[in-house]
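Each remark here refers to the structure printed beneath this line.
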Amino acid sequence: MIITVTGAAGQIGYALLFRIASGAMLGPEVPVSLRLLELPQALEAAEGVAMELDDCAFPLLRDIEITDDAAAAFDGANVALLVGSRPRAAGMERADLLSANGAIFAPQGRAINDNAADDVRVLVVGNPANTNALIASAHAPDVPAERFTAMTRLDHNRALAQLSGATGAPVSAISRLTIWGNHSSTQYPDLSHARIEGEPFEIDRGWVEQDFIPTVATRGAAIIAARGSSSAASAASAAVDHVHDWVLGTPVDDWTSAGVVSTGEYGVPAGLVSSFPVTSTGGRWTIVEGLEIDEFSRARIDASTAELAEERAAVEALGLL
Ligand code: NDP
């Protein structure tokens, strides 16, 4: 399989590439060819990462190509991990951030459209991930919109870890947890359908509302405060989990969370890339339907999807869709 990683010389790239090459993402039977896309000024650093990948002598790693040309990087790609993006600088307005990222994700969408394999699956990690996925998809008319996804798996994994810590249940015993909406502080981590050992459980509402939800939603900032730089290994691990489950399937009786294009499920406006509870079989995400949404959840989902709709309106106004 050909795997393209953008922003390959960055922090997340450094944590991600070794996991892919080891077989953690696609399993121990699938050889991988890596295509690393970087900005011209970061090509040398990417060469250094490739040298280290060589030095690991991973049995599954076929070859590595490094380029600053998107057409070459996405040529024949089966999986594209769009990690490189323009981070928010101090004093930057939202329109400037969206427009800077539009300049990255619109041409990458076109390059995927024109060069990737017919079965290409795209995961956007670079923020604002949901709207960047929307922009890339809009510029890839020949690729089904459902193949462009945004990462909320790190939020999902953070929620699993928090619930495990609070209840003492191992993460492996927890199922049916959901992240709804945008990968931003408005996201809604939802425990209302969660199970422990396959059973519903009682949990203190005060803890959910005052501790669990804000802790999950602001975990990224807490990690920057503690580590002095942003989460990278956990973001890479979540990207590996997302693609693993997309290609190889989700466990029976469980689901995960991913930003996928809405066709109006749960009142989320059609066309937005929003996080939903999803299962995967046969290499396709399916939104879990029919869940009961209480008043509290409804308000949270609506607030986060309203933010996504605003981002969409802003990029439309900038001519990026
Ligand atoms: P990181 O590798 O740390 O992060 C990459 C992107 O992932 C950031 O935009 C970041 O957004 C986002 N991200 C999403 N979820 C998380 C998370 N949970 N924790 C942290 N980050 C998250 O950034 P670096 O600056 O180290 O590296 C970026 C690389 O991308 C550079 O080497 C640069 O040259 C390259 N680049 C490549 C492009 C291309 O190939 N065309 C275009 C632009 C950049 P946020 O910071 O908002 O959290």
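Residue numbering restarts at 1 in every chain; chains get A, B, ... in the order shown in the structure tokens, and ligands count up from 1 in that same order.
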
Would you kindly return, as a list of chain:residue names, each protein, DNA or RNA residue with an atom no farther than 8 Å from any atom of range 208-220 of chain A, considering only C-alpha atoms and excluding same-chain residues fewer than 2 positions away?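 Using only C-alpha atoms, the neighbours found are A:Asp155, A:Arg158, A:Ala159, A:Gln162, A:Leu163, A:Ser184, A:Ser185, A:Thr186, A:Gln187, A:Tyr188, A:Pro189, A:Ile203, A:Asp204, A:Arg205, A:Gly206, A:Ala222, A:Ile223, A:Ile224, A:Ser230, A:Ser231.
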
Can you write out the residues you just picked, keeping N, CA and C atoms, as a PDB file, in the first residue's frame?
ATOM      1  N   ASP A 155      -9.601  12.655  20.618  1.00  0.00           N
ATOM      2  CA  ASP A 155     -10.594  13.064  21.617  1.00  0.00           C
ATOM      3  C   ASP A 155     -11.300  11.825  22.181  1.00  0.00           C
ATOM      4  N   ARG A 158      -8.934  10.056  24.476  1.00  0.00           N
ATOM      5  CA  ARG A 158      -8.806  10.820  25.727  1.00  0.00           C
ATOM      6  C   ARG A 158     -10.019  10.568  26.619  1.00  0.00           C
ATOM      7  N   ALA A 159     -11.203  10.517  26.007  1.00  0.00           N
ATOM      8  CA  ALA A 159     -12.433  10.270  26.774  1.00  0.00           C
ATOM      9  C   ALA A 159     -12.403   8.871  27.394  1.00  0.00           C
ATOM     10  N   GLN A 162     -10.086   9.011  30.396  1.00  0.00           N
ATOM     11  CA  GLN A 162     -10.663   9.720  31.544  1.00  0.00           C
ATOM     12  C   GLN A 162     -11.704   8.857  32.253  1.00  0.00           C
ATOM     13  N   LEU A 163     -12.550   8.195  31.473  1.00  0.00           N
ATOM     14  CA  LEU A 163     -13.587   7.364  32.082  1.00  0.00           C
ATOM     15  C   LEU A 163     -12.963   6.169  32.796  1.00  0.00           C
ATOM     16  N   SER A 184     -12.597  20.683  18.297  1.00  0.00           N
ATOM     17  CA  SER A 184     -12.278  21.993  18.874  1.00  0.00           C
ATOM     18  C   SER A 184     -12.825  21.946  20.294  1.00  0.00           C
ATOM     19  N   SER A 185     -12.729  23.045  21.003  1.00  0.00           N
ATOM     20  CA  SER A 185     -13.197  23.026  22.387  1.00  0.00           C
ATOM     21  C   SER A 185     -14.721  22.900  22.483  1.00  0.00           C
ATOM     22  N   THR A 186     -15.441  23.025  21.368  1.00  0.00           N
ATOM     23  CA  THR A 186     -16.905  22.844  21.422  1.00  0.00           C
ATOM     24  C   THR A 186     -17.325  21.381  21.256  1.00  0.00           C
ATOM     25  N   GLN A 187     -16.367  20.510  20.988  1.00  0.00           N
ATOM     26  CA  GLN A 187     -16.706  19.087  20.803  1.00  0.00           C
ATOM     27  C   GLN A 187     -17.527  18.568  21.988  1.00  0.00           C
ATOM     28  N   TYR A 188     -18.341  17.548  21.730  1.00  0.00           N
ATOM     29  CA  TYR A 188     -19.141  16.989  22.821  1.00  0.00           C
ATOM     30  C   TYR A 188     -18.795  15.504  23.046  1.00  0.00           C
ATOM     31  N   PRO A 189     -18.032  15.242  24.100  1.00  0.00           N
ATOM     32  CA  PRO A 189     -17.765  13.847  24.460  1.00  0.00           C
ATOM     33  C   PRO A 189     -18.981  13.297  25.218  1.00  0.00           C
ATOM     34  N   ILE A 203     -23.371   7.060  36.511  1.00  0.00           N
ATOM     35  CA  ILE A 203     -22.235   7.965  36.673  1.00  0.00           C
ATOM     36  C   ILE A 203     -22.753   9.311  37.151  1.00  0.00           C
ATOM     37  N   ASP A 204     -21.984   9.962  38.002  1.00  0.00           N
ATOM     38  CA  ASP A 204     -22.392  11.228  38.583  1.00  0.00           C
ATOM     39  C   ASP A 204     -22.457  12.329  37.508  1.00  0.00           C
ATOM     40  N   ARG A 205     -23.642  12.942  37.356  1.00  0.00           N
ATOM     41  CA  ARG A 205     -23.818  13.966  36.304  1.00  0.00           C
ATOM     42  C   ARG A 205     -22.891  15.158  36.527  1.00  0.00           C
ATOM     43  N   GLY A 206     -22.696  15.508  37.800  1.00  0.00           N
ATOM     44  CA  GLY A 206     -21.814  16.640  38.120  1.00  0.00           C
ATOM     45  C   GLY A 206     -20.409  16.382  37.575  1.00  0.00           C
ATOM     46  N   ALA A 222      -3.686  21.342  28.222  1.00  0.00           N
ATOM     47  CA  ALA A 222      -3.054  20.830  29.446  1.00  0.00           C
ATOM     48  C   ALA A 222      -1.732  20.130  29.113  1.00  0.00           C
ATOM     49  N   ILE A 223      -1.686  19.470  27.978  1.00  0.00           N
ATOM     50  CA  ILE A 223      -0.446  18.789  27.584  1.00  0.00           C
ATOM     51  C   ILE A 223       0.620  19.801  27.193  1.00  0.00           C
ATOM     52  N   ILE A 224       0.211  20.851  26.485  1.00  0.00           N
ATOM     53  CA  ILE A 224       1.188  21.899  26.146  1.00  0.00           C
ATOM     54  C   ILE A 224       1.750  22.507  27.435  1.00  0.00           C
ATOM     55  N   SER A 230       3.146  20.569  21.980  1.00  0.00           N
ATOM     56  CA  SER A 230       1.817  19.976  21.826  1.00  0.00           C
ATOM     57  C   SER A 230       1.896  18.450  21.729  1.00  0.00           C
ATOM     58  N   SER A 231       0.749  17.853  21.963  1.00  0.00           N
ATOM     59  CA  SER A 231       0.661  16.386  21.934  1.00  0.00           C
ATOM     60  C   SER A 231       1.042  15.907  20.541  1.00  0.00           C
TER      61      SER A 231
END

Residue contacts of Thr263 in chain A (10 Å, only C-alpha atoms) excluding same-chain residues fewer than 6 positions away, as a list in words: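 The neighbour list is Glu146, Pro269, Ala270, Gly271, Leu272, Val273 and Ile287 of chain A.
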
Protein and nucleic residues near ligand 1, 6 Å, only C-alpha atoms and all ligand atoms, as a PyMOL selection string: chain A and resi 6-7+9-13+37-39+42+83-87+104+125-127+220+230-232+235

Would you write out those residues with N, CA and C atoms, as a compact mmCIF listing (two decimals), in the first residue's frame?
# COMPACT_ATOMS: atom_id res chain seq x y z
N THR A 6 1.73 14.07 4.87
CA THR A 6 2.17 15.46 4.69
C THR A 6 2.64 16.00 6.04
N GLY A 7 3.52 16.99 5.99
CA GLY A 7 4.08 17.51 7.25
C GLY A 7 4.94 16.45 7.92
N ALA A 9 8.00 15.95 8.40
CA ALA A 9 9.15 16.28 9.26
C ALA A 9 8.72 16.93 10.56
N GLY A 10 7.42 17.06 10.77
CA GLY A 10 6.92 17.69 12.00
C GLY A 10 6.90 16.71 13.16
N GLN A 11 6.44 17.24 14.29
CA GLN A 11 6.38 16.43 15.53
C GLN A 11 5.50 15.19 15.38
N ILE A 12 4.29 15.39 14.85
CA ILE A 12 3.36 14.26 14.72
C ILE A 12 3.92 13.28 13.70
N GLY A 13 4.44 13.83 12.60
CA GLY A 13 5.05 12.96 11.58
C GLY A 13 6.12 12.06 12.17
N LEU A 37 5.49 14.21 2.04
CA LEU A 37 5.36 15.55 1.45
C LEU A 37 5.76 16.58 2.49
N GLU A 38 6.65 17.46 2.10
CA GLU A 38 7.07 18.53 3.02
C GLU A 38 7.25 19.83 2.26
N LEU A 39 7.31 20.91 3.02
CA LEU A 39 7.63 22.20 2.43
C LEU A 39 9.12 22.18 2.06
N ALA A 42 11.70 22.16 4.73
CA ALA A 42 11.72 21.03 5.69
C ALA A 42 12.13 19.71 5.02
N VAL A 83 -1.25 15.82 7.64
CA VAL A 83 -0.84 16.27 8.98
C VAL A 83 -0.35 17.71 8.95
N GLY A 84 0.40 18.07 7.93
CA GLY A 84 0.97 19.42 7.86
C GLY A 84 -0.12 20.46 7.66
N SER A 85 -0.12 21.48 8.49
CA SER A 85 -1.08 22.56 8.31
C SER A 85 -0.48 23.82 8.91
N ARG A 86 -1.22 24.90 8.78
CA ARG A 86 -0.72 26.17 9.28
C ARG A 86 -1.29 26.40 10.67
N PRO A 87 -0.46 26.34 11.70
CA PRO A 87 -1.00 26.54 13.05
C PRO A 87 -1.40 28.00 13.27
N ILE A 104 -3.36 25.44 1.53
CA ILE A 104 -2.69 24.13 1.64
C ILE A 104 -3.64 23.02 1.18
N VAL A 125 -5.52 15.50 9.80
CA VAL A 125 -5.12 15.69 11.20
C VAL A 125 -4.87 17.18 11.45
N GLY A 126 -4.30 17.86 10.46
CA GLY A 126 -3.94 19.27 10.61
C GLY A 126 -5.16 20.13 10.86
N ASN A 127 -5.07 21.01 11.83
CA ASN A 127 -6.22 21.83 12.23
C ASN A 127 -6.38 23.10 11.39
N GLY A 220 -5.62 19.11 25.14
CA GLY A 220 -4.49 19.54 24.32
C GLY A 220 -3.72 20.67 25.01
N SER A 230 3.15 20.57 21.98
CA SER A 230 1.82 19.98 21.83
C SER A 230 1.90 18.45 21.73
N SER A 231 0.75 17.85 21.96
CA SER A 231 0.66 16.39 21.93
C SER A 231 1.04 15.91 20.54
N ALA A 232 1.94 14.96 20.48
CA ALA A 232 2.37 14.45 19.18
C ALA A 232 2.22 12.94 19.12
N ALA A 235 -1.41 11.99 19.30
CA ALA A 235 -2.10 12.35 18.05
C ALA A 235 -1.75 11.33 16.96

Taking only range 66-139 of chain A into account, list the residues labelled strand (DSSP E or B) by DSSP (computed from the backbone), as a ChimeraX atom specification. /A:66-67,79-82,121-124

For Ile112 in chain A, the closest of A:Ile3, A:Met92, A:Ala77, A:Ala145 counting only C-alpha atoms is A:Ala77

Interatomic distance (Å, one decimal) between CA of Ala72 in chain A and CA of Phe105 in chain A: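 Separation of CA of Ala72 in chain A and CA of Phe105 in chain A: 15.7 Å.
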
Among the residues A:Ala133, A:Pro141, A:Thr152, A:Ile64, the one that comes closest to Ser237 in chain A [using only C-alpha atoms]: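 Nearest to Ser237 in chain A: A:Thr152.
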
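Relative to CA of Val247 in chain A, CA of Pro200 in chain A is found at 28.8 Å.
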
As a ChimeraX atom specification, please: all residues of range 55-292 of chain A that backbone DSSP puts in helix (DSSP H, G or I). /A:55,70-73,94-115,129-138,145-147,153-167,171-173,205-217,219-227,233-248,265-267

I need the residue nearest Ala313 in chain A from this list: A:Ile135, A:Met1, A:Ala169, A:Ala236. Use only C-alpha atoms for the distance.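 Of the candidates, the smallest distance to Ala313 in chain A is held by A:Ile135.
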
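If you measure from each of A:Gly249, A:Pro277, A:Gly267, A:Gly319 to Leu177 in chain A using only C-alpha atoms, the closest one turns out to be A:Pro277.
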